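Notes follow once the structure below has been shown.
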Amino acid sequence: MPDPNGFLRYERRLPARRPVAVRITDWREVYPPAGEELIREQATRCMDCGIPFCHDGCPLGNRIPDWNDLVRTGSWDLAVESLHATNNFPEFTGRLCPAPCEAACVLGLGGQQPVTIKQVEVEIADAAVARGGLNPRPVPASTGRSVAVVGSGPAGLAAAQQLARAGHAVTVYERDDAIGGLLRYGIPDFKLEKQHIDRRLAQLAAEGVQFRTGVNVGVDVTAEELRARHDAVLLACGALQGRDTPETPGRPLRGVHQAMTHLVAANRVVAAAGDGRPAPAVLPDGTPIDAAGKHVVIIGGGDTAADCLGVAHRQGAAGVHQLDLYPEPPHGRDAERDPWPTWPWVLRNYPAHEEGGERVFAVAVQEFVDDGTGQVKGVRIAEVTVERRDGRRIVTALPGSERELPADLVLLAIGFEGTEEQPLLAQFGVTRNARGAVDARPDWQTDADGVFVAGDMHRGASLIVWAIAEGRAAAAAIHSYLGGVGDLPAPVDPARQPLAAR
Ligand SMILES: Cc1cc2nc3c(=O)[nH]c(=O)nc-3n(C[C@H](O)[C@H](O)[C@H](O)COP(=O)(O)OP(=O)(O)OC[C@H]3O[C@@H](n4cnc5c(N)ncnc54)[C@H](O)[C@@H]3O)c2cc1C
Ligand code: SF4
C-alpha cells in the first residue's frame, strides 16, 4: 500500500546539477546521482491514484506507480524488473526523456508539483547496473527465422532486442562507424555519457544480436541482397534530413552550417579523445570544429539548439545567441490552450541555458553578413510576428526593427524534414510522404511486403521514448508476421499520437 500522504510531506526535489563553472570545463553528465535517500523520498510522493494518467502520458505505458512504490520500499530488484517489463532502455529515457508522464501526473491537477518520475526511472536503471549489471536474458530456442534491422538508433535497437529475445536471428546494419543512432554522435556526452550505450550493446550482443557497422544499406548492400538474406526487414533509419534556409542571403558563406554537421563532428572529437584516437579538427569546408573564441549564433529553439549551446560553451565560445522565430512561451501551463494532462507549450529551460548565452525570441534572420572574404561575420535579424493562414505560416518583419549580431559561427537548428532521400528507399519500393516520413500500415508494414518501419523514419523527428515504443511495437508485428509463438508487447499502434485536447 503506497503512502497516501507522501506528497503532503515532501516537496518535489531533484538532485543539484553540477556547478556550471565546473561542468563547462568537461563533457561529463550534468546531473549527479540523486542518492538513495532522496529518491526514496521522491518516490513516496506518488499517490498510486486510481487512474494513473502518467501511463497514458508515457508512450511505453511504463508502470510508473508500481515502480515508484517498489523504490519507496527499497525493493530495487523488483523495481528493476518492473521497469524493464515495458522499457528496453530506461537509462536513455531516464536521462533524456522530456517526461510527458510528468505533465500527466495527477498531482499536477491540484496545483502540486508532479512526481519526479524521470529521475526515479534513471535511478532504477542505474541500480540495475550497480546491482550485478545488465545481465543478458536467456535466449530461447531459435525460430530459424531471421530479421535485418537497418539503423541502430533506439527504435532499431529496441526492436532488435525484442526479436532476439523471441528467438529470431537479428542483424543490425548501421552505416556509421558505431552503433547507437543519434544517441551515439548526435546527443552530446553531457546529456548521455556513452558507456550507457556500450553496456546495453554488450547485453544485446550476448543475447545474439549481430552488429554490422560501416554498412550503408542501399549502397554497400542492396535491398535485394538483404531480402534474400533475411525473412523480414525493419527500416529504422531516422529522420535526419536537416531543414535549411537556402533563400536567406549569405547562406553559402563559410561558417554557416547545419547544426548537426557541427554537433556530430564535435561529439566525434569527444569520443575520439576518450578512446585516445586522433579526430579530424576541421569540417569538410575547412572550418575548425571548434567554437573557441567565436561569436556563435544558433538558430532554432529545440533539443538540437540547446545541445549546440552546451557544446559551444564547453568549446569556449566568446558569446552565444540563440534565436527563436516564435515569441517566448508562457512559463506555466495555459490551461485553456493545453489542459492537464496534455503536454503544455511552456518555456523549456535546458541545463545548457543556465550555462550562458542569450535567447532572443520572435526574430527572423534577414541575412548572413559577409566579412568580404566569404566568411560570415554577422547575422542581420528583424523582429517578427508569426501567424497561421490557410495552414501556412506567415512571418511578417516589423519595419525598423533590424539589427546585426556578431557571428563567426552560425548553426542552423531549425528542424528536420523527415527521413533522408537515399537509394535504399527506391530499392525497397517505399516512398516518403508529404512530411518526408514513411507510412506504415496498421501492422507496421510499409508498401513493400515484409518491410516494416519504425521510429523517426515513420513518425518524423520525435523522441527517444517514441522510438523505443515504436521499435517494440514493430517487433511484435514482425514476430507475428514470421509466425512466432505468442504475442510480444505492442505499446503503440502506428496511428497513436501524444495526448492532446484537440
Ligand atoms: C541533437 C539532438 C538531440 C536530441 N535530444 C533528445 C533528447 O534529449 N531527448 C529525446 O527524447 N530525444 C532527443 N532527440 C531525438 C531522438 O534522438 C530521436 O527521436 C531518436 O534518436 C530517433 O531514434 P531512431 O532509432 O528512430 O533514429 P536515429 O536515432 O536517428 O537512428 C537512425 C540510424 O539509422 C542509420 N541509417 C540511416 N540510413 C541508413 C542506411 N541506409 N544504412 C544503414 N544505416 C542507416 C543512421 O546512421 C542512424 O544511426 C534529439 C535529436 C537530436 C538531433
Ligand atoms: S519514458 Fe519518458 S514518459 Fe515514460 S516514464 Fe520515462 S520519463 Fe516518463
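Here, A, B, ... name the chains of the C-alpha cells in the order displayed, residue numbers run from 1 inside each chain, and ligands are numbered from 1 in the same displayed order.
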
Legend entry - Contacts to ligand 2 at 7 Å cut-off (only C-alpha atoms and all ligand atoms) as a ChimeraX atom specification: /A:57-62,64,90,93-94,97-102,117-118,121,465

Resulting file, chosen residues, N, CA and C atoms, as an mmCIF file, in the first residue's frame:
```cif
data_model
loop_
_atom_site.group_PDB
_atom_site.id
_atom_site.type_symbol
_atom_site.label_atom_id
_atom_site.label_comp_id
_atom_site.auth_asym_id
_atom_site.auth_seq_id
_atom_site.Cartn_x
_atom_site.Cartn_y
_atom_site.Cartn_z
ATOM 1 N N GLY A 57 0.406 9.234 -20.541
ATOM 2 C CA GLY A 57 1.391 10.227 -20.973
ATOM 3 C C GLY A 57 2.633 9.558 -21.533
ATOM 4 N N CYS A 58 2.986 8.385 -20.998
ATOM 5 C CA CYS A 58 4.195 7.678 -21.452
ATOM 6 C C CYS A 58 3.857 6.744 -22.602
ATOM 7 N N PRO A 59 4.431 6.957 -23.785
ATOM 8 C CA PRO A 59 4.122 6.089 -24.931
ATOM 9 C C PRO A 59 4.460 4.613 -24.676
ATOM 10 N N LEU A 60 5.377 4.375 -23.733
ATOM 11 C CA LEU A 60 5.741 2.982 -23.438
ATOM 12 C C LEU A 60 4.765 2.333 -22.473
ATOM 13 N N GLY A 61 3.881 3.145 -21.867
ATOM 14 C CA GLY A 61 2.995 2.591 -20.849
ATOM 15 C C GLY A 61 3.772 2.109 -19.636
ATOM 16 N N ASN A 62 4.858 2.796 -19.320
ATOM 17 C CA ASN A 62 5.654 2.406 -18.138
ATOM 18 C C ASN A 62 4.755 2.322 -16.905
ATOM 19 N N ILE A 64 4.428 3.216 -13.877
ATOM 20 C CA ILE A 64 5.095 4.190 -13.015
ATOM 21 C C ILE A 64 4.731 4.041 -11.537
ATOM 22 N N PRO A 90 15.781 2.077 -20.129
ATOM 23 C CA PRO A 90 15.408 3.187 -19.226
ATOM 24 C C PRO A 90 16.575 4.104 -18.890
ATOM 25 N N THR A 93 15.987 6.891 -21.572
ATOM 26 C CA THR A 93 14.816 7.749 -21.325
ATOM 27 C C THR A 93 14.932 8.449 -19.972
ATOM 28 N N GLY A 94 15.468 7.748 -18.967
ATOM 29 C CA GLY A 94 15.597 8.367 -17.643
ATOM 30 C C GLY A 94 16.515 9.578 -17.686
ATOM 31 N N CYS A 97 14.480 11.800 -21.605
ATOM 32 C CA CYS A 97 13.080 11.997 -21.986
ATOM 33 C C CYS A 97 12.569 13.323 -21.423
ATOM 34 N N PRO A 98 11.795 14.082 -22.195
ATOM 35 C CA PRO A 98 11.211 15.305 -21.630
ATOM 36 C C PRO A 98 10.082 15.012 -20.639
ATOM 37 N N ALA A 99 9.749 13.734 -20.490
ATOM 38 C CA ALA A 99 8.807 13.278 -19.459
ATOM 39 C C ALA A 99 7.381 13.789 -19.643
ATOM 40 N N PRO A 100 6.747 13.407 -20.740
ATOM 41 C CA PRO A 100 5.315 13.724 -20.857
ATOM 42 C C PRO A 100 4.487 13.091 -19.741
ATOM 43 N N CYS A 101 5.019 12.029 -19.133
ATOM 44 C CA CYS A 101 4.336 11.396 -17.983
ATOM 45 C C CYS A 101 4.173 12.400 -16.845
ATOM 46 N N GLU A 102 5.181 13.240 -16.641
ATOM 47 C CA GLU A 102 5.116 14.184 -15.515
ATOM 48 C C GLU A 102 4.069 15.265 -15.785
ATOM 49 N N ILE A 117 9.219 11.544 -11.882
ATOM 50 C CA ILE A 117 9.145 10.191 -12.454
ATOM 51 C C ILE A 117 10.426 9.840 -13.200
ATOM 52 N N LYS A 118 10.873 10.799 -14.017
ATOM 53 C CA LYS A 118 12.051 10.530 -14.849
ATOM 54 C C LYS A 118 13.283 10.272 -13.985
ATOM 55 N N GLU A 121 13.119 6.901 -12.582
ATOM 56 C CA GLU A 121 13.414 5.937 -13.651
ATOM 57 C C GLU A 121 14.934 5.757 -13.836
ATOM 58 N N VAL A 465 11.628 8.099 -26.398
ATOM 59 C CA VAL A 465 10.591 7.230 -25.834
ATOM 60 C C VAL A 465 9.657 6.720 -26.937
#
```

Legend entry - Selection: 6 Å around Thr419 (chain A), only C-alpha atoms, excl. self and same-chain fewer than 4 positions, as number ranges by chain: A: 238-241, 436-437, 457

Writing out the chosen residues with all heavy atoms as a PDB file, in the first residue's frame:
```pdb
ATOM      1  N   GLY A 238      15.738   6.714 -39.099  1.00  0.00           N
ATOM      2  CA  GLY A 238      15.678   8.044 -38.514  1.00  0.00           C
ATOM      3  C   GLY A 238      15.105   9.095 -39.460  1.00  0.00           C
ATOM      4  O   GLY A 238      14.638   8.792 -40.571  1.00  0.00           O
ATOM      5  N   ALA A 239      15.118  10.342 -38.998  1.00  0.00           N
ATOM      6  CA  ALA A 239      14.608  11.486 -39.767  1.00  0.00           C
ATOM      7  C   ALA A 239      15.710  12.533 -39.751  1.00  0.00           C
ATOM      8  O   ALA A 239      15.646  13.504 -39.008  1.00  0.00           O
ATOM      9  CB  ALA A 239      13.335  12.025 -39.131  1.00  0.00           C
ATOM     10  N   LEU A 240      16.722  12.294 -40.548  1.00  0.00           N
ATOM     11  CA  LEU A 240      17.960  13.078 -40.418  1.00  0.00           C
ATOM     12  C   LEU A 240      18.131  14.125 -41.514  1.00  0.00           C
ATOM     13  O   LEU A 240      19.219  14.686 -41.674  1.00  0.00           O
ATOM     14  CB  LEU A 240      19.152  12.111 -40.399  1.00  0.00           C
ATOM     15  CG  LEU A 240      19.105  11.079 -39.249  1.00  0.00           C
ATOM     16  CD1 LEU A 240      20.126   9.967 -39.457  1.00  0.00           C
ATOM     17  CD2 LEU A 240      19.344  11.769 -37.916  1.00  0.00           C
ATOM     18  N   GLN A 241      17.047  14.384 -42.278  1.00  0.00           N
ATOM     19  CA  GLN A 241      17.133  15.386 -43.338  1.00  0.00           C
ATOM     20  C   GLN A 241      16.965  16.775 -42.720  1.00  0.00           C
ATOM     21  O   GLN A 241      15.841  17.208 -42.425  1.00  0.00           O
ATOM     22  CB  GLN A 241      16.024  15.131 -44.372  1.00  0.00           C
ATOM     23  CG  GLN A 241      16.068  16.037 -45.592  1.00  0.00           C
ATOM     24  CD  GLN A 241      17.309  15.772 -46.432  1.00  0.00           C
ATOM     25  OE1 GLN A 241      17.570  14.633 -46.816  1.00  0.00           O
ATOM     26  NE2 GLN A 241      18.070  16.816 -46.703  1.00  0.00           N
ATOM     27  N   GLY A 436       7.847  13.793 -45.384  1.00  0.00           N
ATOM     28  CA  GLY A 436       9.183  13.193 -45.521  1.00  0.00           C
ATOM     29  C   GLY A 436       9.328  11.909 -44.727  1.00  0.00           C
ATOM     30  O   GLY A 436      10.421  11.346 -44.633  1.00  0.00           O
ATOM     31  N   ALA A 437       8.222  11.427 -44.146  1.00  0.00           N
ATOM     32  CA  ALA A 437       8.258  10.182 -43.358  1.00  0.00           C
ATOM     33  C   ALA A 437       7.784   9.014 -44.227  1.00  0.00           C
ATOM     34  O   ALA A 437       7.293   9.216 -45.343  1.00  0.00           O
ATOM     35  CB  ALA A 437       7.373  10.328 -42.135  1.00  0.00           C
ATOM     36  N   MET A 457      11.841   7.502 -38.603  1.00  0.00           N
ATOM     37  CA  MET A 457      11.634   7.324 -40.042  1.00  0.00           C
ATOM     38  C   MET A 457      10.142   7.247 -40.346  1.00  0.00           C
ATOM     39  O   MET A 457       9.683   7.705 -41.397  1.00  0.00           O
ATOM     40  CB  MET A 457      12.325   6.032 -40.504  1.00  0.00           C
ATOM     41  CG  MET A 457      12.352   5.868 -42.006  1.00  0.00           C
ATOM     42  SD  MET A 457      13.318   4.417 -42.442  1.00  0.00           S
ATOM     43  CE  MET A 457      13.421   4.617 -44.213  1.00  0.00           C
TER      44      MET A 457
END
```

Legend entry - Gap from CA of Thr304 (chain A) to atom 53 (C, counted along the ligand's line) of ligand 1 - Å, one decimal: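 Atom-to-atom, CA of Thr304 (chain A) to atom 53 (C, counted along the ligand's line) of ligand 1, that is 5.3 Å.
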
Inset, instruction - Could you give me, as a ChimeraX atom specification, each residue of region 187-395 of chain A that DSSP assigns to alpha helix (DSSP H) when run on this structure's backbone? - result: /A:195-206,223-229,259-275,303-315

Inset, instruction - Using only C-alpha atoms, determine which residues lie at most 12 Å from Gly483 (chain A), disregarding the query and same-chain residues fewer than 5 positions distant; provide the list as a list of chain:residue names. - result: A:Thr143, A:Gly144, A:Arg145, A:Ser146, A:Ala166, A:Gly167, A:His168, A:Asp231, A:Ala232, A:Ala476, A:Ala477, A:Ile478, A:Leu488

Print the selection's residues with C-alpha atoms to a file, as a PDB file, in the first residue's frame.
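Output file selection.pdb follows:
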```pdb
ATOM      1  CA  THR A 143      12.871 -19.987 -34.532  1.00  0.00           C
ATOM      2  CA  GLY A 144      15.054 -20.384 -37.611  1.00  0.00           C
ATOM      3  CA  ARG A 145      13.797 -17.016 -38.904  1.00  0.00           C
ATOM      4  CA  SER A 146      15.993 -14.032 -39.476  1.00  0.00           C
ATOM      5  CA  ALA A 166      11.765 -14.134 -29.113  1.00  0.00           C
ATOM      6  CA  GLY A 167      14.305 -16.471 -30.732  1.00  0.00           C
ATOM      7  CA  HIS A 168      14.823 -14.796 -34.108  1.00  0.00           C
ATOM      8  CA  ASP A 231      12.875 -13.179 -43.754  1.00  0.00           C
ATOM      9  CA  ALA A 232      11.855  -9.658 -42.768  1.00  0.00           C
ATOM     10  CA  ALA A 476       5.662  -7.529 -32.156  1.00  0.00           C
ATOM     11  CA  ALA A 477       4.272  -7.165 -35.693  1.00  0.00           C
ATOM     12  CA  ILE A 478       7.347  -8.804 -37.247  1.00  0.00           C
ATOM     13  CA  LEU A 488       5.160  -9.630 -27.957  1.00  0.00           C
TER      14      LEU A 488
END
```

Inset, instruction - List the neighbours of region 348-362 of chain A out to 6 Å using only C-alpha atoms; skip same-chain residues closer than 3 positions along the sequence, and give me the result as a count of residues only. - result: 13

Inset, instruction - Please give me, as an MDAnalysis selection string, the residues lying within 7 Å of ligand 1 when counting only C-alpha atoms and all ligand atoms. - result: chainID A and resid 93 96:98 150:156 173:176 179:183 186:187 215:218 236:240 260 303:304 307 422 424 454:457 461:465 467

Legend entry - Residues near Val395 (chain A), cut-off 8 Å, only C-alpha atoms, skip fewer than 2 positions along chain, as a ChimeraX atom specification: /A:384-387,393,397

Inset, instruction - One decimal, Å: what's the distance from CA of Arg40 (chain A) over to CA of Val71 (chain A), could you say? - result: 5.8 Å

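Every protein or nucleic acid residue with an atom no more than 9 Å from Arg63 (chain A), counting only C-alpha atoms and leaving out same-chain residues fewer than 2 positions away, appears here: Cys54, His55, Leu60, Gly61, Pro65, Asp66, Trp67, Asn68, Ser82, Leu83, Ala85 and Thr86 of chain A.
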